[in-house]
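Okay, data_9.txt is below, compact mmCIF, C-alpha atoms:
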# COMPACT_ATOMS: atom_id res chain seq x y z
CA MET H 22 8.32 -2.64 -3.71
CA ALA H 23 5.01 -4.02 -2.46
CA VAL H 24 4.96 -6.22 0.64
CA ALA H 25 2.22 -7.96 2.61
CA GLU H 26 1.58 -4.88 4.81
CA ASP H 27 0.66 -2.86 1.69
CA LEU H 28 -2.56 -4.85 1.34
CA ASP H 29 -4.24 -2.65 3.96
CA ARG H 30 -3.25 0.71 2.48
CA ALA H 31 -3.38 -0.02 -1.24
CA THR H 32 -5.76 1.64 -3.68
CA ASP H 33 -8.49 -0.68 -4.98
CA SER H 34 -9.10 -1.81 -8.54
CA THR H 35 -10.98 0.68 -10.72
CA TRP H 36 -13.53 -2.07 -11.45
CA ASP H 37 -16.23 -1.47 -8.80
CA TRP H 38 -17.22 -5.12 -8.34
CA VAL H 39 -13.57 -6.16 -7.91
CA ALA H 40 -12.95 -3.34 -5.43
CA GLU H 41 -16.04 -4.37 -3.41
CA GLN H 42 -14.97 -8.02 -3.38
CA THR H 43 -11.46 -7.00 -2.31
CA ARG H 44 -12.70 -4.85 0.59
CA THR H 45 -15.04 -7.60 1.81
CA TYR H 46 -12.26 -10.18 1.58
CA LEU H 47 -9.80 -8.07 3.57
CA ALA H 48 -12.35 -6.85 6.14
CA SER H 49 -13.15 -10.48 6.97
CA GLY H 50 -9.48 -11.39 7.40
CA GLY H 51 -9.79 -13.66 4.38
CA THR H 52 -12.70 -15.78 5.62
CA GLU H 53 -15.21 -14.21 3.18
CA GLY H 54 -14.52 -14.21 -0.55
CA HIS H 55 -11.66 -16.71 -0.56
CA GLU H 56 -13.78 -19.55 -1.93
CA SER H 57 -17.00 -19.37 -3.92
CA ASN H 58 -18.50 -22.20 -5.95
CA GLY H 59 -15.18 -24.02 -6.11
CA LEU H 60 -13.19 -20.96 -7.22
CA TYR H 61 -10.45 -19.63 -4.97
CA THR H 62 -9.36 -16.01 -5.01
CA LEU H 63 -6.48 -14.06 -3.54
CA ILE H 64 -5.67 -10.38 -3.17
CA VAL H 65 -2.47 -9.09 -4.73
CA ALA H 66 -0.90 -5.70 -3.97
CA THR H 67 1.49 -4.34 -6.59
CA THR H 68 3.47 -1.11 -6.78
CA GLY H 69 2.06 1.39 -9.28
CA ARG H 70 4.63 1.70 -12.05
CA ARG H 71 3.94 5.43 -12.49
CA THR H 72 2.92 6.51 -8.99
CA GLY H 73 4.98 4.20 -6.80
CA GLU H 74 1.83 3.74 -4.68
CA PRO H 75 0.44 0.32 -3.75
CA ARG H 76 -2.50 -0.99 -5.80
CA ARG H 77 -4.59 -4.08 -5.06
CA THR H 78 -6.93 -6.40 -6.87
CA CYS H 79 -8.66 -9.74 -6.38
CA LEU H 80 -7.73 -12.64 -8.68
CA ILE H 81 -8.67 -16.28 -9.20
CA TYR H 82 -5.76 -18.56 -8.40
CA GLY H 83 -4.47 -22.08 -8.68
CA LYS H 84 -1.39 -23.73 -7.18
CA SER H 85 1.79 -25.20 -8.59
CA GLY H 86 3.87 -26.63 -5.78
CA ASP H 87 4.33 -23.77 -3.29
CA ASP H 88 3.59 -21.13 -5.94
CA PHE H 89 0.26 -19.39 -6.41
CA VAL H 90 -0.75 -19.13 -10.09
CA VAL H 91 -2.79 -16.24 -11.53
CA VAL H 92 -3.83 -15.34 -15.07
CA ALA H 93 -3.50 -11.81 -16.53
CA SER H 94 -6.58 -12.18 -18.72
CA LYS H 95 -8.40 -8.83 -18.34
CA ALA H 96 -11.40 -10.73 -19.73
CA GLY H 97 -9.67 -11.08 -23.11
CA ALA H 98 -8.87 -7.39 -23.63
CA ASP H 99 -6.13 -6.60 -26.14
CA GLU H 100 -3.91 -5.04 -23.46
CA ASP H 101 -2.52 -6.53 -20.28
CA PRO H 102 -4.18 -5.57 -16.99
CA ALA H 103 -2.60 -2.74 -14.96
CA TRP H 104 -1.71 -5.09 -12.08
CA PHE H 105 0.34 -7.20 -14.50
CA LYS H 106 2.16 -4.17 -15.93
CA ASN H 107 2.92 -3.09 -12.36
CA LEU H 108 4.45 -6.41 -11.33
CA GLU H 109 6.49 -6.53 -14.52
CA ALA H 110 8.07 -3.25 -13.41
CA GLU H 111 8.40 -4.36 -9.75
CA PRO H 112 7.97 -8.07 -9.01
CA SER H 113 7.72 -7.81 -5.22
CA VAL H 114 4.03 -8.13 -4.28
CA GLY H 115 1.87 -8.49 -1.19
CA VAL H 116 -0.57 -11.41 -1.22
CA GLN H 117 -3.47 -12.59 0.89
CA ALA H 118 -4.81 -16.06 0.11
CA GLY H 119 -7.55 -16.92 2.56
CA THR H 120 -6.24 -16.00 6.00
CA ARG H 121 -2.59 -16.32 4.94
CA ARG H 122 -0.69 -13.09 4.24
CA PHE H 123 2.78 -12.94 2.74
CA THR H 124 5.20 -11.11 0.48
CA ALA H 125 5.87 -12.87 -2.82
CA ARG H 126 8.06 -12.56 -5.87
CA ALA H 127 6.13 -12.56 -9.15
CA ARG H 128 7.38 -13.94 -12.43
CA VAL H 129 5.83 -14.80 -15.77
CA ALA H 130 5.64 -18.52 -16.49
CA SER H 131 8.07 -19.81 -19.10
CA GLU H 132 6.65 -21.31 -22.30
CA GLU H 133 7.19 -24.78 -20.87
CA GLU H 134 5.45 -23.90 -17.59
CA ARG H 135 2.63 -22.18 -19.48
CA ALA H 136 2.00 -25.32 -21.52
CA ILE H 137 1.21 -27.13 -18.25
CA LEU H 138 -0.40 -24.28 -16.29
CA TRP H 139 -2.78 -22.92 -18.95
CA PRO H 140 -4.89 -26.11 -19.13
CA GLN H 141 -4.87 -26.31 -15.33
CA MET H 142 -6.12 -22.73 -14.98
CA ALA H 143 -8.69 -23.20 -17.77
CA ARG H 144 -10.10 -26.19 -15.87
CA ILE H 145 -10.40 -24.00 -12.78
CA PHE H 146 -12.04 -21.14 -14.72
CA PRO H 147 -13.21 -22.22 -18.20
CA LEU H 148 -13.88 -18.64 -19.35
CA TYR H 149 -10.11 -18.23 -19.75
CA GLU H 150 -10.42 -20.19 -23.02
CA GLU H 151 -13.06 -17.74 -24.28
CA TYR H 152 -10.88 -14.80 -23.21
CA ALA H 153 -7.93 -16.26 -25.15
CA ARG H 154 -10.08 -16.47 -28.30
CA LYS H 155 -11.06 -12.79 -27.95
CA THR H 156 -7.51 -11.44 -28.14
CA GLU H 157 -4.39 -11.88 -30.24
CA ARG H 158 -2.08 -11.43 -27.26
CA VAL H 159 -0.78 -14.43 -25.37
CA ILE H 160 -2.44 -14.12 -21.98
CA PRO H 161 0.31 -14.21 -19.35
CA ILE H 162 0.36 -16.69 -16.51
CA VAL H 163 2.09 -15.42 -13.37
CA LEU H 164 3.62 -17.44 -10.55
CA LEU H 165 3.71 -15.84 -7.11
CA THR H 166 6.42 -17.40 -4.96
CA PRO H 167 6.06 -16.74 -1.21
CA GLN H 168 9.17 -15.09 0.28
CA ASP H 169 8.30 -15.44 3.97

Step by step, read the file and then write its structure as structure tokens.
Amino acid sequence: MAVAEDLDRATDSTWDWVAEQTRTYLASGGTEGHESNGLYTLIVATTGRRTGEPRRTCLIYGKSGDDFVVVASKAGADEDPAWFKNLEAEPSVGVQAGTRRFTARARVASEEERAILWPQMARIFPLYEEYARKTERVIPIVLLTPQD
């Protein structure tokens, strides 16, 4: 079960540029890397479904009420990203959004929620539409609900 404190000890993404962005973000306390050219990013720590160890990655996000909204696109790959598979197995996650750190509960958006959230997220990051065309899977949208 990942919690906010796991952000500091988690293993980084295997994608070098994501790992570098994540380390910079966390080292700055969330003041660097949170916003760039109108895009906002957060760090999410999940629990590895095989290892039980915390894993972290940096993701673009939007908001829906108090929830943070992220997209499991993996750039349009045919399989879901590892972070998504991890939170499906264990939905408790640690999150840092800017300077705010908290534990959240993750859940996949319902079809009704997705119908509203997909266009919102595609406006934030238009490449999501291209990613959706590249794959036959329905790209999941995840809501992260702060627990503290």

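The space between atom CA of Gly83 of chain H and atom CA of Gly97 of chain H spans 18.9 Å.
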
For segment 93-155 of chain H versus segment 45-51 of chain H, which residues have an atom no more than 10 Å away, and what is each residue's nearest atom pair and distance in Å rounded to one decimal, using all atoms listed in the file, chain-then-number order, as a Markdown table?
| residue | atom | partner | partner_atom | distance |
| --- | --- | --- | --- | --- |
| H:Gln117 | CA | H:Gly51 | CA | 7.3 |
| H:Ala118 | CA | H:Gly51 | CA | 7.0 |
| H:Gly119 | CA | H:Gly51 | CA | 4.4 |
| H:Thr120 | CA | H:Gly51 | CA | 4.5 |
| H:Arg121 | CA | H:Gly51 | CA | 7.7 |
| H:Arg122 | CA | H:Gly51 | CA | 9.1 |

Generate the output file for the selected residues, C-alpha atoms, as a tab-separated table (two decimals), in the frame of the given file.
chain	number	residue	atom	x	y	z
H	117	GLN	CA	-3.47	-12.59	0.89
H	118	ALA	CA	-4.81	-16.06	0.11
H	119	GLY	CA	-7.55	-16.92	2.56
H	120	THR	CA	-6.24	-16.00	6.00
H	121	ARG	CA	-2.59	-16.32	4.94
H	122	ARG	CA	-0.69	-13.09	4.24

(request) For each of H:Ala110, H:Val159, H:Val39, H:Leu63, take the minimum atom-to-atom distance to Lys84 of chain H, counting all atoms listed in the file, then give the residue where this is smallest. (result)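 The answer is H:Leu63, which sits nearest to Lys84 of chain H.
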
(request) Compile the contact shell of Tyr82 of chain H as an MDAnalysis selection string: residues with an atom at most 9 Å away, counting only C-alpha atoms, same-chain residues fewer than 4 positions apart removed. (result) chainID H and resid 60:63 89:92 118 142 145

Close residues, Thr124 of chain H itself excluded, 8 Å, all atoms listed in the file, min 6 positions apart in chain, as a PDB file with C-alpha atoms, in the frame of the given file:
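Saved to out-v1.pdb:
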ATOM      1  CA  ALA H  23       5.010  -4.020  -2.460  1.00  0.00           C
ATOM      2  CA  VAL H  24       4.960  -6.220   0.640  1.00  0.00           C
ATOM      3  CA  ALA H  25       2.220  -7.960   2.610  1.00  0.00           C
ATOM      4  CA  SER H 113       7.720  -7.810  -5.220  1.00  0.00           C
ATOM      5  CA  VAL H 114       4.030  -8.130  -4.280  1.00  0.00           C
ATOM      6  CA  GLY H 115       1.870  -8.490  -1.190  1.00  0.00           C
ATOM      7  CA  VAL H 116      -0.570 -11.410  -1.220  1.00  0.00           C
ATOM      8  CA  PRO H 167       6.060 -16.740  -1.210  1.00  0.00           C
ATOM      9  CA  GLN H 168       9.170 -15.090   0.280  1.00  0.00           C
ATOM     10  CA  ASP H 169       8.300 -15.440   3.970  1.00  0.00           C
TER      11      ASP H 169
END

(request) Pick out the closest residue to Leu80 of chain H from this set: H:Glu157, H:Glu56, H:Glu134, H:Glu111. Count all atoms listed in the file. (result)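 Smallest distance to Leu80 of chain H is found for H:Glu56.
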
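Put simply, atom CA of Ala130 of chain H is 13.2 Å away from atom CA of Leu108 of chain H.
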
(message) Nearest residue to Met22 of chain H out of H:Asn107, H:Thr52, H:Ser94, H:Thr35, using all atoms listed in the file?
(response)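 Once distances to Met22 of chain H are computed over all atoms listed in the file, the minimum belongs to H:Asn107.
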
(message) What's the separation between atom CA of Arg135 of chain H and atom CA of Ala31 of chain H, in Å to one decimal place?
(response) 29.3 Å

(request) Considering all atoms listed in the file, state which residue in the set H:Glu150, H:Asp99, H:Asp87, H:Asp29 is at the smallest distance from Arg44 of chain H. (result) H:Asp29

(request) Rank H:Ala40, H:Leu138, H:Val163, H:Leu28 by their smallest atom-to-atom distance to Pro75 of chain H, using all atoms listed in the file, and report the top residue only. (result)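 Checking each of H:Ala40, H:Leu138, H:Val163, H:Leu28 against Pro75 of chain H, counting all atoms listed in the file, the winner is H:Leu28.
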
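Considering only C-alpha atoms, the residue among H:Asp33, H:Gln42, H:Ser57, H:Ile162 positioned nearest to Ile137 of chain H is H:Ile162.
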
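The protein and nucleic acid residues lying at most 10 Å from Lys106 of chain H are Thr67, Thr68, Gly69, Arg70, Ala93, Glu100, Asp101, Glu111 and Pro112 of chain H, with only C-alpha atoms considered and sequence neighbours fewer than 5 positions away removed.
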
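For Arg30 of chain H, the list of residues within 10 Å, based on only C-alpha atoms and with local chain neighbours fewer than 5 positions off taken out, reads Ala66, Glu74, Pro75, Arg76 and Arg77 of chain H.
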
Can you complete the atoms of segment 85-109 of chain H to N, CA and C atoms and list them as an mmCIF file, in the coordinates of the input?
data_model
loop_
_atom_site.group_PDB
_atom_site.id
_atom_site.type_symbol
_atom_site.label_atom_id
_atom_site.label_comp_id
_atom_site.auth_asym_id
_atom_site.auth_seq_id
_atom_site.Cartn_x
_atom_site.Cartn_y
_atom_site.Cartn_z
ATOM 1 N N SER H 85 0.784 -24.369 -7.946
ATOM 2 C CA SER H 85 1.790 -25.200 -8.590
ATOM 3 C C SER H 85 2.914 -25.346 -7.572
ATOM 4 N N GLY H 86 2.933 -26.473 -6.881
ATOM 5 C CA GLY H 86 3.870 -26.630 -5.780
ATOM 6 C C GLY H 86 3.542 -25.601 -4.714
ATOM 7 N N ASP H 87 4.544 -24.823 -4.283
ATOM 8 C CA ASP H 87 4.330 -23.770 -3.290
ATOM 9 C C ASP H 87 3.878 -22.458 -3.914
ATOM 10 N N ASP H 88 3.935 -22.365 -5.245
ATOM 11 C CA ASP H 88 3.590 -21.130 -5.940
ATOM 12 C C ASP H 88 2.073 -20.990 -6.119
ATOM 13 N N PHE H 89 1.634 -19.737 -6.081
ATOM 14 C CA PHE H 89 0.260 -19.390 -6.410
ATOM 15 C C PHE H 89 0.271 -18.939 -7.872
ATOM 16 N N VAL H 90 -0.718 -19.382 -8.650
ATOM 17 C CA VAL H 90 -0.750 -19.130 -10.090
ATOM 18 C C VAL H 90 -1.954 -18.263 -10.419
ATOM 19 N N VAL H 91 -1.715 -17.144 -11.108
ATOM 20 C CA VAL H 91 -2.790 -16.240 -11.530
ATOM 21 C C VAL H 91 -2.657 -15.971 -13.027
ATOM 22 N N VAL H 92 -3.759 -15.547 -13.621
ATOM 23 C CA VAL H 92 -3.830 -15.340 -15.070
ATOM 24 C C VAL H 92 -4.134 -13.867 -15.343
ATOM 25 N N ALA H 93 -3.333 -13.226 -16.189
ATOM 26 C CA ALA H 93 -3.500 -11.810 -16.530
ATOM 27 C C ALA H 93 -4.417 -11.670 -17.741
ATOM 28 N N SER H 94 -5.671 -12.094 -17.582
ATOM 29 C CA SER H 94 -6.580 -12.180 -18.720
ATOM 30 C C SER H 94 -7.251 -10.853 -19.100
ATOM 31 N N LYS H 95 -7.612 -10.051 -18.118
ATOM 32 C CA LYS H 95 -8.400 -8.830 -18.340
ATOM 33 C C LYS H 95 -9.591 -9.127 -19.249
ATOM 34 N N ALA H 96 -10.202 -10.292 -19.002
ATOM 35 C CA ALA H 96 -11.400 -10.730 -19.730
ATOM 36 C C ALA H 96 -11.189 -10.758 -21.252
ATOM 37 N N GLY H 97 -9.948 -10.972 -21.687
ATOM 38 C CA GLY H 97 -9.670 -11.080 -23.110
ATOM 39 C C GLY H 97 -9.427 -9.755 -23.807
ATOM 40 N N ALA H 98 -9.185 -8.693 -23.033
ATOM 41 C CA ALA H 98 -8.870 -7.390 -23.630
ATOM 42 C C ALA H 98 -7.551 -7.496 -24.405
ATOM 43 N N ASP H 99 -7.338 -6.571 -25.326
ATOM 44 C CA ASP H 99 -6.130 -6.600 -26.140
ATOM 45 C C ASP H 99 -4.889 -6.101 -25.410
ATOM 46 N N GLU H 100 -5.073 -5.486 -24.227
ATOM 47 C CA GLU H 100 -3.910 -5.040 -23.460
ATOM 48 C C GLU H 100 -3.879 -5.768 -22.112
ATOM 49 N N ASP H 101 -2.683 -5.885 -21.575
ATOM 50 C CA ASP H 101 -2.520 -6.530 -20.280
ATOM 51 C C ASP H 101 -3.163 -5.684 -19.182
ATOM 52 N N PRO H 102 -3.610 -6.330 -18.108
ATOM 53 C CA PRO H 102 -4.180 -5.570 -16.990
ATOM 54 C C PRO H 102 -3.109 -4.735 -16.288
ATOM 55 N N ALA H 103 -3.532 -3.647 -15.646
ATOM 56 C CA ALA H 103 -2.600 -2.740 -14.960
ATOM 57 C C ALA H 103 -1.803 -3.478 -13.890
ATOM 58 N N TRP H 104 -2.436 -4.382 -13.146
ATOM 59 C CA TRP H 104 -1.710 -5.090 -12.080
ATOM 60 C C TRP H 104 -0.538 -5.879 -12.660
ATOM 61 N N PHE H 105 -0.727 -6.436 -13.868
ATOM 62 C CA PHE H 105 0.340 -7.200 -14.500
ATOM 63 C C PHE H 105 1.489 -6.273 -14.929
ATOM 64 N N LYS H 106 1.142 -5.137 -15.532
ATOM 65 C CA LYS H 106 2.160 -4.170 -15.930
ATOM 66 C C LYS H 106 2.953 -3.694 -14.709
ATOM 67 N N ASN H 107 2.247 -3.519 -13.589
ATOM 68 C CA ASN H 107 2.920 -3.090 -12.360
ATOM 69 C C ASN H 107 3.919 -4.137 -11.873
ATOM 70 N N LEU H 108 3.527 -5.401 -11.863
ATOM 71 C CA LEU H 108 4.450 -6.410 -11.330
ATOM 72 C C LEU H 108 5.574 -6.720 -12.307
ATOM 73 N N GLU H 109 5.370 -6.422 -13.587
ATOM 74 C CA GLU H 109 6.490 -6.530 -14.520
ATOM 75 C C GLU H 109 7.575 -5.509 -14.170
#
